[in-house]
Structure formats: structure tokens, C-alpha cells
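File shown here: my_file-v6.pdb, holding PDB, C-alpha atoms.
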```pdb
ATOM      1  CA  MET A   3     -25.848-165.867  31.669
ATOM      2  CA  ALA A   4     -26.562-168.512  29.035
ATOM      3  CA  ALA A   5     -25.755-165.891  26.385
ATOM      4  CA  LEU A   6     -22.098-166.037  27.466
ATOM      5  CA  ASP A   7     -21.726-169.793  27.062
ATOM      6  CA  GLY A   8     -18.917-170.579  24.638
ATOM      7  CA  LYS A   9     -17.912-166.939  24.210
ATOM      8  CA  VAL A  10     -14.280-165.795  24.491
ATOM      9  CA  ALA A  11     -13.061-163.427  27.206
ATOM     10  CA  VAL A  12      -9.595-161.911  27.611
ATOM     11  CA  VAL A  13      -8.597-160.742  31.093
ATOM     12  CA  THR A  14      -5.405-158.753  31.662
ATOM     13  CA  GLY A  15      -3.780-158.915  35.069
ATOM     14  CA  ALA A  16      -5.467-162.284  35.455
ATOM     15  CA  ASN A  17      -3.140-163.479  38.202
ATOM     16  CA  GLY A  18      -4.083-160.764  40.704
ATOM     17  CA  GLY A  19      -6.849-160.740  43.292
ATOM     18  CA  ILE A  20      -9.439-158.888  41.214
ATOM     19  CA  GLY A  21      -8.290-160.464  37.949
ATOM     20  CA  SER A  22      -8.502-164.042  39.197
ATOM     21  CA  ALA A  23     -11.978-163.402  40.644
ATOM     22  CA  ILE A  24     -13.131-162.000  37.292
ATOM     23  CA  CYS A  25     -11.725-165.069  35.511
ATOM     24  CA  ARG A  26     -13.566-167.431  37.861
ATOM     25  CA  ARG A  27     -16.872-165.627  37.380
ATOM     26  CA  LEU A  28     -16.578-165.562  33.595
ATOM     27  CA  ALA A  29     -15.655-169.253  33.504
ATOM     28  CA  GLN A  30     -18.665-170.061  35.692
ATOM     29  CA  ALA A  31     -20.785-168.300  33.076
ATOM     30  CA  GLY A  32     -19.443-170.705  30.448
ATOM     31  CA  MET A  33     -16.885-168.457  28.760
ATOM     32  CA  HIS A  34     -13.498-169.561  27.409
ATOM     33  CA  VAL A  35     -11.067-167.350  29.309
ATOM     34  CA  VAL A  36      -7.709-166.122  28.025
ATOM     35  CA  LEU A  37      -5.689-165.259  31.109
ATOM     36  CA  THR A  38      -2.876-162.786  30.476
ATOM     37  CA  ASP A  39      -0.403-161.460  33.004
ATOM     38  CA  LEU A  40       3.148-160.187  33.276
ATOM     39  CA  LYS A  41       3.916-163.044  35.678
ATOM     40  CA  PRO A  42       5.298-166.347  34.343
ATOM     41  CA  VAL A  43       2.842-168.718  32.676
ATOM     42  CA  GLU A  44       3.349-171.304  35.427
ATOM     43  CA  GLU A  45       2.042-168.896  38.070
ATOM     44  CA  THR A  46      -1.006-167.841  36.076
ATOM     45  CA  GLN A  47      -1.691-171.460  35.120
ATOM     46  CA  HIS A  48      -2.503-172.080  38.795
ATOM     47  CA  VAL A  49      -5.424-169.646  38.380
ATOM     48  CA  ALA A  50      -6.517-171.286  35.126
ATOM     49  CA  ASP A  51      -6.503-174.694  36.807
ATOM     50  CA  THR A  52      -9.151-173.481  39.272
ATOM     51  CA  LEU A  53     -11.574-172.360  36.565
ATOM     52  CA  ALA A  54     -14.782-174.140  35.703
ATOM     53  CA  GLY A  55     -15.252-175.452  32.186
ATOM     54  CA  ASN A  56     -12.541-175.864  29.585
ATOM     55  CA  GLY A  57     -10.971-174.198  26.581
ATOM     56  CA  HIS A  58      -9.027-171.669  28.660
ATOM     57  CA  MET A  59      -5.607-170.344  27.648
ATOM     58  CA  VAL A  60      -2.752-168.694  29.560
ATOM     59  CA  VAL A  61      -0.422-166.218  27.843
ATOM     60  CA  GLN A  62       2.361-164.238  29.459
ATOM     61  CA  ALA A  63       2.076-160.743  28.021
ATOM     62  CA  ALA A  64       2.860-157.240  29.229
ATOM     63  CA  VAL A  65       0.130-154.723  28.447
ATOM     64  CA  ASP A  66       2.717-152.005  27.860
ATOM     65  CA  ASN A  67       4.674-154.076  25.319
ATOM     66  CA  SER A  68       3.298-153.767  21.779
ATOM     67  CA  ALA A  69       5.115-156.888  20.582
ATOM     68  CA  ASP A  70       3.567-158.912  23.421
ATOM     69  CA  GLN A  71       0.133-157.570  22.544
ATOM     70  CA  ALA A  72       0.544-158.416  18.849
ATOM     71  CA  ARG A  73       1.636-161.952  19.776
ATOM     72  CA  LEU A  74      -1.347-162.296  22.114
ATOM     73  CA  ALA A  75      -3.739-161.224  19.359
ATOM     74  CA  GLN A  76      -2.186-163.739  16.951
ATOM     75  CA  LEU A  77      -2.468-166.614  19.432
ATOM     76  CA  ILE A  78      -6.102-165.762  20.136
ATOM     77  CA  ALA A  79      -6.888-165.484  16.422
ATOM     78  CA  GLU A  80      -5.352-168.887  15.751
ATOM     79  CA  ARG A  81      -7.186-170.636  18.586
ATOM     80  CA  TYR A  82     -10.534-168.863  18.833
ATOM     81  CA  GLY A  83     -10.836-166.516  15.855
ATOM     82  CA  THR A  84     -12.645-163.853  17.871
ATOM     83  CA  VAL A  85     -12.860-161.970  21.167
ATOM     84  CA  ASP A  86     -16.255-161.260  22.715
ATOM     85  CA  LEU A  87     -15.075-159.573  25.919
ATOM     86  CA  LEU A  88     -11.889-157.781  26.942
ATOM     87  CA  VAL A  89     -11.441-156.906  30.610
ATOM     88  CA  ASN A  90      -8.640-154.365  31.054
ATOM     89  CA  ASN A  91      -7.742-155.160  34.634
ATOM     90  CA  ALA A  92      -3.930-154.941  34.691
ATOM     91  CA  GLY A  93      -2.664-152.094  36.823
ATOM     92  CA  VAL A  94       0.111-150.933  39.085
ATOM     93  CA  THR A  95       0.500-148.495  41.959
ATOM     94  CA  ARG A  96       2.438-147.823  45.144
ATOM     95  CA  PRO A  97       1.330-145.848  48.203
ATOM     96  CA  VAL A  98       2.733-142.308  48.238
ATOM     97  CA  PRO A  99       1.200-139.590  50.438
ATOM     98  CA  HIS A 100      -0.463-136.979  48.243
ATOM     99  CA  ASN A 101       1.421-134.162  49.939
ATOM    100  CA  ASP A 102       4.834-135.772  49.413
ATOM    101  CA  LEU A 103       5.528-134.509  45.895
ATOM    102  CA  ASP A 104       9.195-135.514  45.935
ATOM    103  CA  ALA A 105       8.374-139.148  46.751
ATOM    104  CA  LEU A 106       6.207-139.392  43.622
ATOM    105  CA  ASP A 107       9.224-139.574  41.328
ATOM    106  CA  ASP A 108       9.161-139.439  37.536
ATOM    107  CA  GLU A 109       9.899-143.149  37.182
ATOM    108  CA  LEU A 110       6.838-144.148  39.221
ATOM    109  CA  ILE A 111       4.602-141.641  37.418
ATOM    110  CA  ASP A 112       5.711-142.982  34.039
ATOM    111  CA  LEU A 113       5.236-146.603  35.149
ATOM    112  CA  ILE A 114       1.704-145.940  36.415
ATOM    113  CA  PHE A 115       0.591-144.193  33.223
ATOM    114  CA  ARG A 116       2.403-146.695  30.992
ATOM    115  CA  VAL A 117       0.665-149.690  32.573
ATOM    116  CA  ASN A 118      -2.664-148.284  33.749
ATOM    117  CA  PHE A 119      -3.508-146.015  30.828
ATOM    118  CA  ARG A 120      -1.352-146.939  27.846
ATOM    119  CA  GLY A 121      -1.645-150.621  28.694
ATOM    120  CA  ALA A 122      -5.432-150.533  28.508
ATOM    121  CA  PHE A 123      -5.325-148.551  25.265
ATOM    122  CA  SER A 124      -2.743-150.939  23.771
ATOM    123  CA  SER A 125      -4.880-153.967  24.631
ATOM    124  CA  ILE A 126      -7.889-152.462  22.870
ATOM    125  CA  ARG A 127      -5.772-151.486  19.876
ATOM    126  CA  ALA A 128      -4.238-154.969  19.571
ATOM    127  CA  LEU A 129      -7.560-156.804  19.893
ATOM    128  CA  LYS A 130      -9.707-154.330  17.954
ATOM    129  CA  GLU A 131     -10.167-156.505  14.861
ATOM    130  CA  LEU A 132     -10.986-159.590  16.929
ATOM    131  CA  LEU A 133     -13.483-157.564  18.990
ATOM    132  CA  MET A 134     -15.120-156.334  15.773
ATOM    133  CA  SER A 135     -15.552-159.824  14.356
ATOM    134  CA  GLY A 136     -18.913-161.520  14.575
ATOM    135  CA  ASP A 137     -21.546-159.522  16.400
ATOM    136  CA  GLY A 138     -18.986-157.213  17.954
ATOM    137  CA  GLY A 139     -17.463-157.166  21.398
ATOM    138  CA  LEU A 140     -17.477-155.500  24.774
ATOM    139  CA  VAL A 141     -14.546-153.880  26.603
ATOM    140  CA  VAL A 142     -14.698-153.396  30.366
ATOM    141  CA  ASN A 143     -12.021-151.065  31.717
ATOM    142  CA  ILE A 144     -11.390-151.501  35.429
ATOM    143  CA  SER A 145     -11.176-147.956  36.736
ATOM    144  CA  SER A 146     -11.431-146.797  40.337
ATOM    145  CA  ILE A 147     -13.516-144.520  42.484
ATOM    146  CA  ALA A 148     -10.199-142.662  42.890
ATOM    147  CA  ALA A 149     -10.745-141.269  39.386
ATOM    148  CA  ARG A 150     -13.577-139.131  40.752
ATOM    149  CA  THR A 151     -12.644-138.640  44.404
ATOM    150  CA  ALA A 152      -8.888-138.088  43.886
ATOM    151  CA  VAL A 153      -8.431-140.199  47.025
ATOM    152  CA  GLY A 154      -6.171-143.157  46.375
ATOM    153  CA  SER A 155      -2.717-144.658  46.683
ATOM    154  CA  ASN A 156      -1.053-141.641  45.070
ATOM    155  CA  VAL A 157      -1.771-138.644  42.841
ATOM    156  CA  ALA A 158      -0.593-140.342  39.648
ATOM    157  CA  TYR A 159      -2.742-143.418  40.278
ATOM    158  CA  CYS A 160      -5.853-141.254  40.696
ATOM    159  CA  ALA A 161      -5.015-139.347  37.510
ATOM    160  CA  SER A 162      -4.368-142.559  35.567
ATOM    161  CA  LYS A 163      -7.807-143.872  36.457
ATOM    162  CA  ALA A 164      -9.394-140.557  35.453
ATOM    163  CA  ALA A 165      -7.583-140.980  32.132
ATOM    164  CA  ILE A 166      -9.097-144.463  31.816
ATOM    165  CA  ASP A 167     -12.599-143.040  32.238
ATOM    166  CA  ASN A 168     -11.944-140.327  29.661
ATOM    167  CA  MET A 169     -10.491-142.862  27.213
ATOM    168  CA  THR A 170     -13.517-145.072  27.764
ATOM    169  CA  MET A 171     -15.835-142.302  26.586
ATOM    170  CA  SER A 172     -13.601-141.392  23.634
ATOM    171  CA  LEU A 173     -13.240-144.942  22.344
ATOM    172  CA  ALA A 174     -16.857-145.868  23.060
ATOM    173  CA  ARG A 175     -17.824-143.110  20.662
ATOM    174  CA  ALA A 176     -15.069-143.863  18.135
ATOM    175  CA  LEU A 177     -15.567-147.643  17.954
ATOM    176  CA  ALA A 178     -19.359-147.815  18.220
ATOM    177  CA  PRO A 179     -21.485-149.667  17.331
ATOM    178  CA  LYS A 180     -19.339-152.784  16.799
ATOM    179  CA  ILE A 181     -17.419-152.395  20.051
ATOM    180  CA  ARG A 182     -19.072-151.235  23.276
ATOM    181  CA  ILE A 183     -16.768-149.854  25.968
ATOM    182  CA  VAL A 184     -17.590-149.204  29.616
ATOM    183  CA  SER A 185     -15.586-148.606  32.771
ATOM    184  CA  VAL A 186     -16.276-150.072  36.193
ATOM    185  CA  ALA A 187     -15.025-148.051  39.162
ATOM    186  CA  PRO A 188     -14.887-150.088  42.380
ATOM    187  CA  GLY A 189     -13.875-148.746  45.757
ATOM    188  CA  TRP A 190     -11.799-150.799  48.195
ATOM    189  CA  VAL A 191     -11.599-154.456  47.235
ATOM    190  CA  ASP A 192     -10.388-157.172  49.605
ATOM    191  CA  GLY A 193      -7.551-158.249  47.340
ATOM    192  CA  GLU A 194      -3.759-158.459  47.438
ATOM    193  CA  TYR A 195      -3.192-154.703  47.484
ATOM    194  CA  ALA A 196      -5.696-154.000  50.265
ATOM    195  CA  ARG A 197      -4.215-156.720  52.444
ATOM    196  CA  ARG A 198      -0.810-155.034  52.334
ATOM    197  CA  MET A 199      -2.244-151.819  53.779
ATOM    198  CA  PRO A 200      -2.509-150.974  57.504
ATOM    199  CA  PRO A 201      -6.005-151.844  58.844
ATOM    200  CA  GLU A 202      -6.715-148.207  59.682
TER     201      GLU A 202
END
```
Please re-express this file's structure in C-alpha cells.
Amino acid sequence: MAALDGKVAVVTGANGGIGSAICRRLAQAGMHVVLTDLKPVEETQHVADTLAGNGHMVVQAAVDNSADQARLAQLIAERYGTVDLLVNNAGVTRPVPHNDLDALDDELIDLIFRVNFRGAFSSIRALKELLMSGDGGLVVNISSIAARTAVGSNVAYCASKAAIDNMTMSLARALAPKIRIVSVAPGWVDGEYARRMPPE
């Protein structure tokens, strides 16, 4: 882990259960962590205050807002000049039975794809030049086992994570060798979302 000491990581959705755990682990490895989230800076700052080391930064930014992403890239460029790791963790969903097609309304479908898929793409696009600086960077897209099993909170969520995996392969080929891109597909995680679900 010594190779990560002093490197710069950007984590989207940093205020959530998975995001905050990722931030803590990266900080323990010696990285400067840029915590981004849709939630107010004051809320995400509470996560930053728990991190080991120093040199961390909190920025309120929506992954599906291009102006927010451009501002984020500018702030990172001014402070650090580079990005070594981008973790696309921000995501949204809501439980809808797969057989209840009417309950999966257009607004929810659009929200899920706008945040889960377009948000990850937009983050890569905004930080591309910073990721290409120096020796090049790594992007980790947080996918889900639902992308392959089609078992998840709703049909659109499963499809959005499958889109993440497909995008990962497309951009890994397109941006190689300066930027490496992988996806990580966990199953159930004991985080905020899981704790809202019935135990069964």
C-alpha cells in the first residue's frame, strides 16, 4: 500500500455507507481523498473528519450535473494538479417488485440511469485530463452482482449496473493505456440501503 501514499483519490457518493468506507480505507493507505456527494458539505465533512491523514477535500457536486463536474475538476486541478484514482460510487435506487411494471414509472427509470450510468460517465469525462496526467490513473466503477443476475431492487437498477459494466469495457479500451478502468460488483453490503430492507 506504500505506493498509494500521497496519491489523490476522488470518491463520488462519499457520504453513503459504501462510499464512506471506501474513503476511510483509501485514507488509511495514505491517499489524499476528495469526497464528493450531493449532500451538503457540512454532512460530508463529518466523514472527512474521521479520515486518517490530511490533505482531504470535500466538494458538494452532483454526478449528473455537468457544471458541478466541471467545477469539481477545476477545484481538484487547482489544489492537487492530478487524479490518481476515481471511484464512481454514487448511485440511486428504490425497491420495486420486478413484476410490477406500472410501479417502475418513467421518472424513476430516468433518475436511475441519469445518476447510475450517466453520472459515472460524466465523472470520467470531467476528470479525464487529470487522470491522464503523470503516470495515468485508475477508475473503479462500483457495479453490482445485479448486473449479471438481474436480481436487485428493481429492473432499471439491474439494467443500469449492466450498463456500467459495458461502459467499463468500452472506456477501458478507448482510454488505455493512460487510464485503466475496472468495475467491482459486490453483492449485499451491510450499509444504509440494506438496513432499510426487511430482514427476510
Rows by chain and residue number, range 74-96 of chain A within 6 Å of range 120-134 of chain A, shortest pair, all atoms listed in the file, as a Markdown table:
```
| residue | atom | partner | partner_atom | distance |
| --- | --- | --- | --- | --- |
| A:Ala75 | CA | A:Leu129 | CA | 5.9 |
| A:Thr84 | CA | A:Leu132 | CA | 4.7 |
| A:Val85 | CA | A:Leu133 | CA | 5.0 |
| A:Asp86 | CA | A:Leu133 | CA | 5.9 |
| A:Asn90 | CA | A:Ala122 | CA | 5.6 |
```
Got a sec: who's within 10 Å of Val157 in chain A, counting only C-alpha atoms, leaving out chain neighbours fewer than 6 positions off, as a list in words?
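Residues near the query, excluding close chain neighbours: Pro97, Val98, Pro99, His100, Asn101, Asp102, Leu103, Leu106, Ile111, Ala148 and Ala149 of chain A.
Straight-line separation from CA of Asn67 in chain A to CA of Asp167 in chain A: 21.6 Å.
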Residue nearest Glu109 in chain A among A:Val142, A:Ala92, A:Ala158, A:Met169 (counting only C-alpha atoms)
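With only C-alpha atoms as the atom set, the closest residue is A:Ala158.
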Quick one: of A:Val13, A:Asp107, A:Cys25, A:His34, who's nearest to Gln62 in chain A, counting all atoms listed in the file?
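Closest to Gln62 in chain A of all the choices is A:Val13.
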Just to confirm, what's the straight-line distance from CA of Leu6 in chain A to CA of Asp39 in chain A in Å (one decimal)?
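The value is 22.9 Å.
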Given all atoms listed in the file as the basis, pick out the residue of A:Ser162, A:Asn56, A:Thr14, A:Asn118 nearest to Lys41 in chain A.
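Looking only at the distances to Lys41 in chain A, the closest residue turns out to be A:Thr14.
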Do you have the CA of Ile147 in chain A-CA of Lys9 in chain A distance handy?
29.3 Å
Report as an mmCIF file with C-alpha atoms, in the frame of the given file all protein, DNA and RNA residues lying within 12 Å of Ala31 in chain A, evaluated on only C-alpha atoms, omitting residues in the same chain fewer than 6 positions from it.
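Final output, out-v4.cif:
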```
data_model
loop_
_atom_site.group_PDB
_atom_site.id
_atom_site.type_symbol
_atom_site.label_atom_id
_atom_site.label_comp_id
_atom_site.auth_asym_id
_atom_site.auth_seq_id
_atom_site.Cartn_x
_atom_site.Cartn_y
_atom_site.Cartn_z
ATOM 1 C CA MET A 3 -25.848 -165.867 31.669
ATOM 2 C CA ALA A 4 -26.562 -168.512 29.035
ATOM 3 C CA ALA A 5 -25.755 -165.891 26.385
ATOM 4 C CA LEU A 6 -22.098 -166.037 27.466
ATOM 5 C CA ASP A 7 -21.726 -169.793 27.062
ATOM 6 C CA GLY A 8 -18.917 -170.579 24.638
ATOM 7 C CA LYS A 9 -17.912 -166.939 24.210
ATOM 8 C CA VAL A 10 -14.280 -165.795 24.491
ATOM 9 C CA ALA A 11 -13.061 -163.427 27.206
ATOM 10 C CA ILE A 24 -13.131 -162.000 37.292
ATOM 11 C CA CYS A 25 -11.725 -165.069 35.511
ATOM 12 C CA LEU A 53 -11.574 -172.360 36.565
ATOM 13 C CA ALA A 54 -14.782 -174.140 35.703
ATOM 14 C CA GLY A 55 -15.252 -175.452 32.186
ATOM 15 C CA ASN A 56 -12.541 -175.864 29.585
#
```
So which residues fall inside 12 Å of (7.6, -161.0, 25.9) if we count only C-alpha atoms? Mind giving them as a PDB file with C-alpha atoms, in the coordinates of the input?
```pdb
ATOM      1  CA  THR A  38      -2.876-162.786  30.476  1.00  0.00           C
ATOM      2  CA  ASP A  39      -0.403-161.460  33.004  1.00  0.00           C
ATOM      3  CA  LEU A  40       3.148-160.187  33.276  1.00  0.00           C
ATOM      4  CA  LYS A  41       3.916-163.044  35.678  1.00  0.00           C
ATOM      5  CA  PRO A  42       5.298-166.347  34.343  1.00  0.00           C
ATOM      6  CA  VAL A  43       2.842-168.718  32.676  1.00  0.00           C
ATOM      7  CA  VAL A  61      -0.422-166.218  27.843  1.00  0.00           C
ATOM      8  CA  GLN A  62       2.361-164.238  29.459  1.00  0.00           C
ATOM      9  CA  ALA A  63       2.076-160.743  28.021  1.00  0.00           C
ATOM     10  CA  ALA A  64       2.860-157.240  29.229  1.00  0.00           C
ATOM     11  CA  VAL A  65       0.130-154.723  28.447  1.00  0.00           C
ATOM     12  CA  ASP A  66       2.717-152.005  27.860  1.00  0.00           C
ATOM     13  CA  ASN A  67       4.674-154.076  25.319  1.00  0.00           C
ATOM     14  CA  SER A  68       3.298-153.767  21.779  1.00  0.00           C
ATOM     15  CA  ALA A  69       5.115-156.888  20.582  1.00  0.00           C
ATOM     16  CA  ASP A  70       3.567-158.912  23.421  1.00  0.00           C
ATOM     17  CA  GLN A  71       0.133-157.570  22.544  1.00  0.00           C
ATOM     18  CA  ALA A  72       0.544-158.416  18.849  1.00  0.00           C
ATOM     19  CA  ARG A  73       1.636-161.952  19.776  1.00  0.00           C
ATOM     20  CA  LEU A  74      -1.347-162.296  22.114  1.00  0.00           C
TER      21      LEU A  74
END
```
Under the PyMOL selection byres ((chain A and resi 179-182) around 7), which residues of this model are included? Write them out as a VMD selection string.
chain A and resid 133 to 134 138 to 141 174 177 to 178 183 to 184
